Amino acid sequence: MAIDQATVRKIASLARIAISDAEAAAMEGELNGILGWVEQLGEVDVTGVEPMTAVIPNTLRLRDDVIDADPLTGGNRRDDVLANAPAAQHGFFGVPKVIE
Amino acid sequence: MTDLTNLTVAQIRDGHRAGDFSAVEVAEAFNANVAGAKALNAFIVETPEHALAAAKQADADRSAGTLKPLSGVPIGMKDLFCTYGVQTTAASHMLEGFVPRYESTVSAKLWDAGAGMLGKLNLDQFAMGSSNETSYFGNVISPWKRNDGGNAALAPGGSSGGSSSAIAARLCPAATGTDTGGSIRQPAAFTGISGIKPTYGRCSRWGIVAFASSLDQAGPMARDVKDCAIMLENMAGFDPKDATSLDMAVPNWEAALSSNLKGKTVGIPREYRLEGIDPDIDAMWDAGIAMLKDAGAEVVEISLPHTKYALPAYYIIAPAEASSNLARYDGVRYGLRDLPEGAGLQDMYAATRADGFGPEVKRRIMIGTYVLSAGFYDAYYTQAQKVRTLIARDFEQAFASCDVILAPTAPSAAFGLGEKMADPLAMYLNDVFAVPASLAGLPAMSVPAALNREGLPLGLQIIGKAFDEQGVLNAGLAIEERAGFNARAEKWW
């Protein structure tokens with residue numbers, strides 16, 4: 001199923017990527033080329049086949065319920081967390097006004 | 001005095017231990033090579049001071065009798081691993097200037113083992129690419145040239161192209177790589193070095209910039225098989241901070257290396273014989289089969305019937321995971337922010353991501369967003385995950401009759417920069433032999449096997465059973481000993 005430029009713009013909007021009309025036009029061809037190629041997967045008989053969920057069998061663990069058990073990922077790291085924020089203010093992430 | 005930069009990891013480690021040279025001398029020699037190789041563009045950030053500090057510590061540890069496994073060995077770190085206090089970019093504009101306040105588990109293990117860092121190595125942006133041409137910081141150039149008298153700049157492979165180029169050019173004896181769909185093996189093959197992607201879960205993903213989490217796996221790249229074993233021992237291991245980390249002991253791969261393959265069976269997948277493939281590739285493959293027979297192995301033909309569907313499945317699954325993983329780049333918490341005058345929050349997200357991601361990254365995010373969107377999820381994503389199950393099953397059935405699988409690493413030697421950039425699909429097809437093992441989470445390595453008629457290296461790939469890195473390394477060693485590959489790029493940089 002081919003996608004048109006309106007669909008390209010819709011996907012870009014869902015992905016939160018601003019695109020120009022020229023980019024949308026270029027991407028229409030590229031994405032259709034890739035999507036047309038992956039469509040060959042439809043030939044494969046997958047009757048009774050479960051979708052892969054884990055390549056290597058593994059069990060999901062729970063960590064011990066201890067505060068700051070791992071100092072690297074525990075609490076009290078505010079300054080580290082904010083160190084690379086483009087607009088940290090007063091100990092918070094700064095964002096443009098969202099409530100009028 | 002011998003050129004210290006010609007030594008392997010094992011030779012540096014052992015020579016330092018024996019007192020043949022100091023670690024500082026080694027670090028200075030590699031620092032000088034790095035500083036003199038700007039034309040290769042292999043490094044995004046050089047960290048000679050880090051390498052020197054580790055070397056001084058190694059020399060002090062030698063005096064004190066407290067040497068560590070990698071004392072005295074300086075290495076390169078792919079710029080996908082977060083390094084404390086050193087810029088980590090994933091070769092993107094989005095993360096330009098990002099200076100982590102934490103250390104990835106893999107890099108922390110290497111530093112704890114005594115290794116020093118020569119710098120952060122260039123790569124394809126967010127590890128998405130097979131030629132290094134998607135880096136925001138300019139493409140890495142391979143040290144290799146064709147023997148046709150021309151001067152065409154060649155791709156070092158990707159995404160770990162900074163790693164492959166730097167090792168081939170003797171800028172570092174070993175480096176870290178990451179492999180999502182061939183990003184360790186294909187660049188290793190293109191540059192005449194070795195590299196292994198271990199079983200999914202062997203190396204912690206914590207602190208590695210995420211691309212496709214069900215596929216991403218770190219591994220070493222080095223000049224020979226033994227060095228890969230040494231490096232992998234110091235990178236692997238259980239990490240509670242990675243939910244998919246394997247809770248298994250790390251074997252002593254180096255000590256158990258053996259190129260005697262008596263009693264082993266090698267499978268040759270008939271679906272990997274591609275029509276119209278470069279005859280040099282098939283000739284190298286046949287030579288590899290003869291080498292493994294010579295090492296005592298029995299060779300059988302096997303079938304991996306869903307091989308042709310691996311790439312299309314990969315190009316649904318990897319972009320789907322990437323679109324989800326890369327949603328974190330929003331201009332709020334770290335990285336680039338592009339806030340047009342008067343823009344609201346949604347406009348800031350869209351502007352930031354338009355500015356911060358390169359064309360290939362955007363393309364993959366868009367594909368991923370589309371195949372995960374309502375109405376298309378089952379047709380694309382669920383179907384691809386079912387095909388992935390079948391691909392893993394193919395391997396499982398094949399391993400009932402063999403111990404390891406031998407195949408080419410890539411369908412061609414290194415191509416010229418720019419030759420494949422115009423057509424994303426042509427670029428994707430270069431990973432045709434590498435992607436199936438990634439989808440199945442299996443250990444796989446590339447070892448240099450021959451030069452083609454253009455004088456460029458070609459690599460053979462060994463794919464093993466889950467957790468059997470030893471079998472992969474041993475078969476790799478058997479090829480290495482017999483191929484006698486010692487060609488190297490003539491210095492022009």
# chains A, B, ... in the order shown; residues from 1 in each chain; ligands from 1
>>> residues_around(residues="A:Gly91", least_positions_apart="2", cutoff="12 Å", atoms="only C-alpha atoms", output="PDB file with C-alpha atoms, in the first residue's frame")
ATOM      1  CA  ASN A  76      19.313  12.723  45.118  1.00  0.00           C
ATOM      2  CA  ARG A  77      20.942  13.228  41.718  1.00  0.00           C
ATOM      3  CA  ARG A  78      19.080  16.391  40.748  1.00  0.00           C
ATOM      4  CA  ASP A  79      22.106  18.367  39.651  1.00  0.00           C
ATOM      5  CA  ASP A  80      23.441  15.460  37.587  1.00  0.00           C
ATOM      6  CA  VAL A  81      20.055  14.990  35.964  1.00  0.00           C
ATOM      7  CA  LEU A  82      19.812  18.669  35.080  1.00  0.00           C
ATOM      8  CA  ALA A  83      23.448  19.092  34.078  1.00  0.00           C
ATOM      9  CA  ALA A  85      19.303  20.280  30.227  1.00  0.00           C
ATOM     10  CA  ALA A  87      17.145  25.340  29.965  1.00  0.00           C
ATOM     11  CA  ALA A  88      17.307  24.195  33.589  1.00  0.00           C
ATOM     12  CA  GLN A  89      15.765  26.722  35.973  1.00  0.00           C
ATOM     13  CA  PHE A  93      13.505  21.459  33.370  1.00  0.00           C
ATOM     14  CA  GLY A  94      12.431  24.697  31.690  1.00  0.00           C
TER      15      GLY A  94
END
>>> interface_residues(of="chain B", to="chain A", cutoff="7 Å", atoms="only C-alpha atoms", output="number ranges by chain")
B: 98-99, 101, 200, 243-244, 309, 312, 332-337, 344-345, 349-351, 353-354, 366-367, 369-370, 382, 385-386, 388-389, 425, 440-441
>>> residues_around(residues="stretch 113-115 of chain B", least_positions_apart="4", cutoff="12 Å", atoms="only C-alpha atoms", output="compact mmCIF listing (two decimals) with C-alpha atoms, in the first residue's frame")
# COMPACT_ATOMS: atom_id res chain seq x y z
CA VAL B 9 46.55 -6.07 22.90
CA ILE B 12 51.15 -4.84 24.91
CA ARG B 13 49.73 -6.46 28.02
CA ALA B 23 52.64 1.98 29.61
CA VAL B 26 52.71 2.91 24.68
CA ALA B 27 50.13 5.63 25.35
CA HIS B 50 42.87 9.96 29.68
CA ALA B 51 45.19 7.46 27.97
CA LEU B 52 48.22 8.94 29.71
CA ALA B 53 46.63 8.96 33.16
CA ALA B 54 45.66 5.29 32.80
CA ALA B 55 49.20 4.52 31.58
CA LYS B 56 50.78 6.22 34.60
CA GLN B 57 48.49 4.22 36.83
CA ALA B 58 49.46 1.03 34.98
CA ASP B 59 53.16 1.74 35.47
CA ALA B 60 52.56 2.44 39.18
CA ASP B 61 50.51 -0.76 39.47
CA ARG B 62 53.32 -2.71 37.89
CA THR B 66 48.84 -4.87 41.38
CA LEU B 67 48.50 -5.21 37.61
CA LYS B 68 45.03 -5.54 36.12
CA PRO B 69 43.92 -7.53 33.06
CA LEU B 70 44.28 -4.60 30.64
CA SER B 71 46.92 -2.54 32.43
CA GLY B 72 48.93 -0.57 29.91
CA VAL B 73 46.50 -1.06 27.01
CA PRO B 74 45.00 2.10 25.48
CA ILE B 75 41.82 1.62 23.46
CA GLY B 76 39.30 3.56 21.39
CA MET B 77 35.72 4.01 22.60
CA VAL B 106 30.94 -1.60 29.43
CA SER B 107 33.32 1.37 29.45
CA ALA B 108 33.43 1.34 33.26
CA LYS B 109 34.46 -2.33 33.15
CA CYS B 172 44.51 1.99 18.64
CA PRO B 173 45.12 -1.72 19.20
CA ALA B 174 41.46 -2.39 19.97
CA ALA B 175 38.16 -0.56 20.30
CA THR B 176 34.60 -1.06 21.37
CA ILE B 230 40.72 -10.61 25.88
CA MET B 231 38.61 -7.52 25.28
CA LEU B 232 35.30 -9.38 25.46
CA GLU B 233 36.22 -10.91 28.82
CA ASN B 234 36.60 -7.38 30.13
CA MET B 235 33.39 -6.04 28.59
CA ALA B 236 30.90 -8.84 29.32
>>> select_by_dssp(residues="chain A", states="alpha helix (DSSP H)", output="PyMOL selection string")
chain A and resi 5-14+21-38+78-82
>>> write_last_selection(atoms="C-alpha atoms", output="compact mmCIF listing (two decimals), in the first residue's frame")
# COMPACT_ATOMS: atom_id res chain seq x y z
CA GLN A 5 2.40 13.12 0.80
CA ALA A 6 -0.47 13.76 3.17
CA THR A 7 0.39 10.48 4.91
CA VAL A 8 4.05 11.46 5.03
CA ARG A 9 3.09 14.70 6.75
CA LYS A 10 0.83 12.79 9.14
CA ILE A 11 3.67 10.41 10.09
CA ALA A 12 6.06 13.33 10.54
CA SER A 13 3.55 14.98 12.81
CA LEU A 14 3.15 11.78 14.87
CA ASP A 21 6.96 20.39 1.45
CA ALA A 22 10.14 19.57 -0.45
CA GLU A 23 11.22 17.10 2.24
CA ALA A 24 7.76 15.51 2.26
CA ALA A 25 7.96 15.09 -1.51
CA ALA A 26 11.42 13.49 -1.34
CA MET A 27 10.40 11.25 1.54
CA GLU A 28 7.29 10.02 -0.24
CA GLY A 29 9.46 8.24 -2.80
CA GLU A 30 12.00 6.95 -0.30
CA LEU A 31 9.45 5.60 2.16
CA ASN A 32 7.43 3.96 -0.61
CA GLY A 33 10.58 2.32 -1.89
CA ILE A 34 11.34 0.86 1.53
CA LEU A 35 7.73 -0.07 2.34
CA GLY A 36 7.29 -1.71 -1.07
CA TRP A 37 10.37 -3.80 -0.42
CA VAL A 38 9.38 -4.93 3.10
CA ARG A 78 19.08 16.39 40.75
CA ASP A 79 22.11 18.37 39.65
CA ASP A 80 23.44 15.46 37.59
CA VAL A 81 20.05 14.99 35.96
CA LEU A 82 19.81 18.67 35.08
>>> closest_residue(among="B:Gly375, B:Pro48, B:Pro436, B:Pro279", to="B:Ala413", atoms="only C-alpha atoms")
B:Pro279
>>> atom_distance(atom1="atom CA of B:Pro220", atom2="atom CA of B:Thr307")
26.0 Å
>>> select_by_dssp(residues="chain A", states="strand (DSSP E)", output="ChimeraX atom specification")
/A:88-89,92-93
>>> write_last_selection(atoms="N, CA and C atoms", output="compact mmCIF listing (two decimals), in the first residue's frame")
# COMPACT_ATOMS: atom_id res chain seq x y z
N ALA A 88 17.66 24.53 32.21
CA ALA A 88 17.31 24.19 33.59
C ALA A 88 17.11 25.49 34.38
N GLN A 89 16.03 25.53 35.16
CA GLN A 89 15.76 26.72 35.97
C GLN A 89 15.24 26.30 37.34
N PHE A 92 14.55 22.75 37.96
CA PHE A 92 13.56 22.07 37.12
C PHE A 92 13.99 22.15 35.66
N PHE A 93 13.34 21.30 34.81
CA PHE A 93 13.50 21.46 33.37
C PHE A 93 12.64 22.64 32.93
>>> residues_around(residues="B:Asp355", least_positions_apart="4", cutoff="8 Å", atoms="only C-alpha atoms", output="list in words")
His93, Met94, Asp338 and Ala351 of chain B
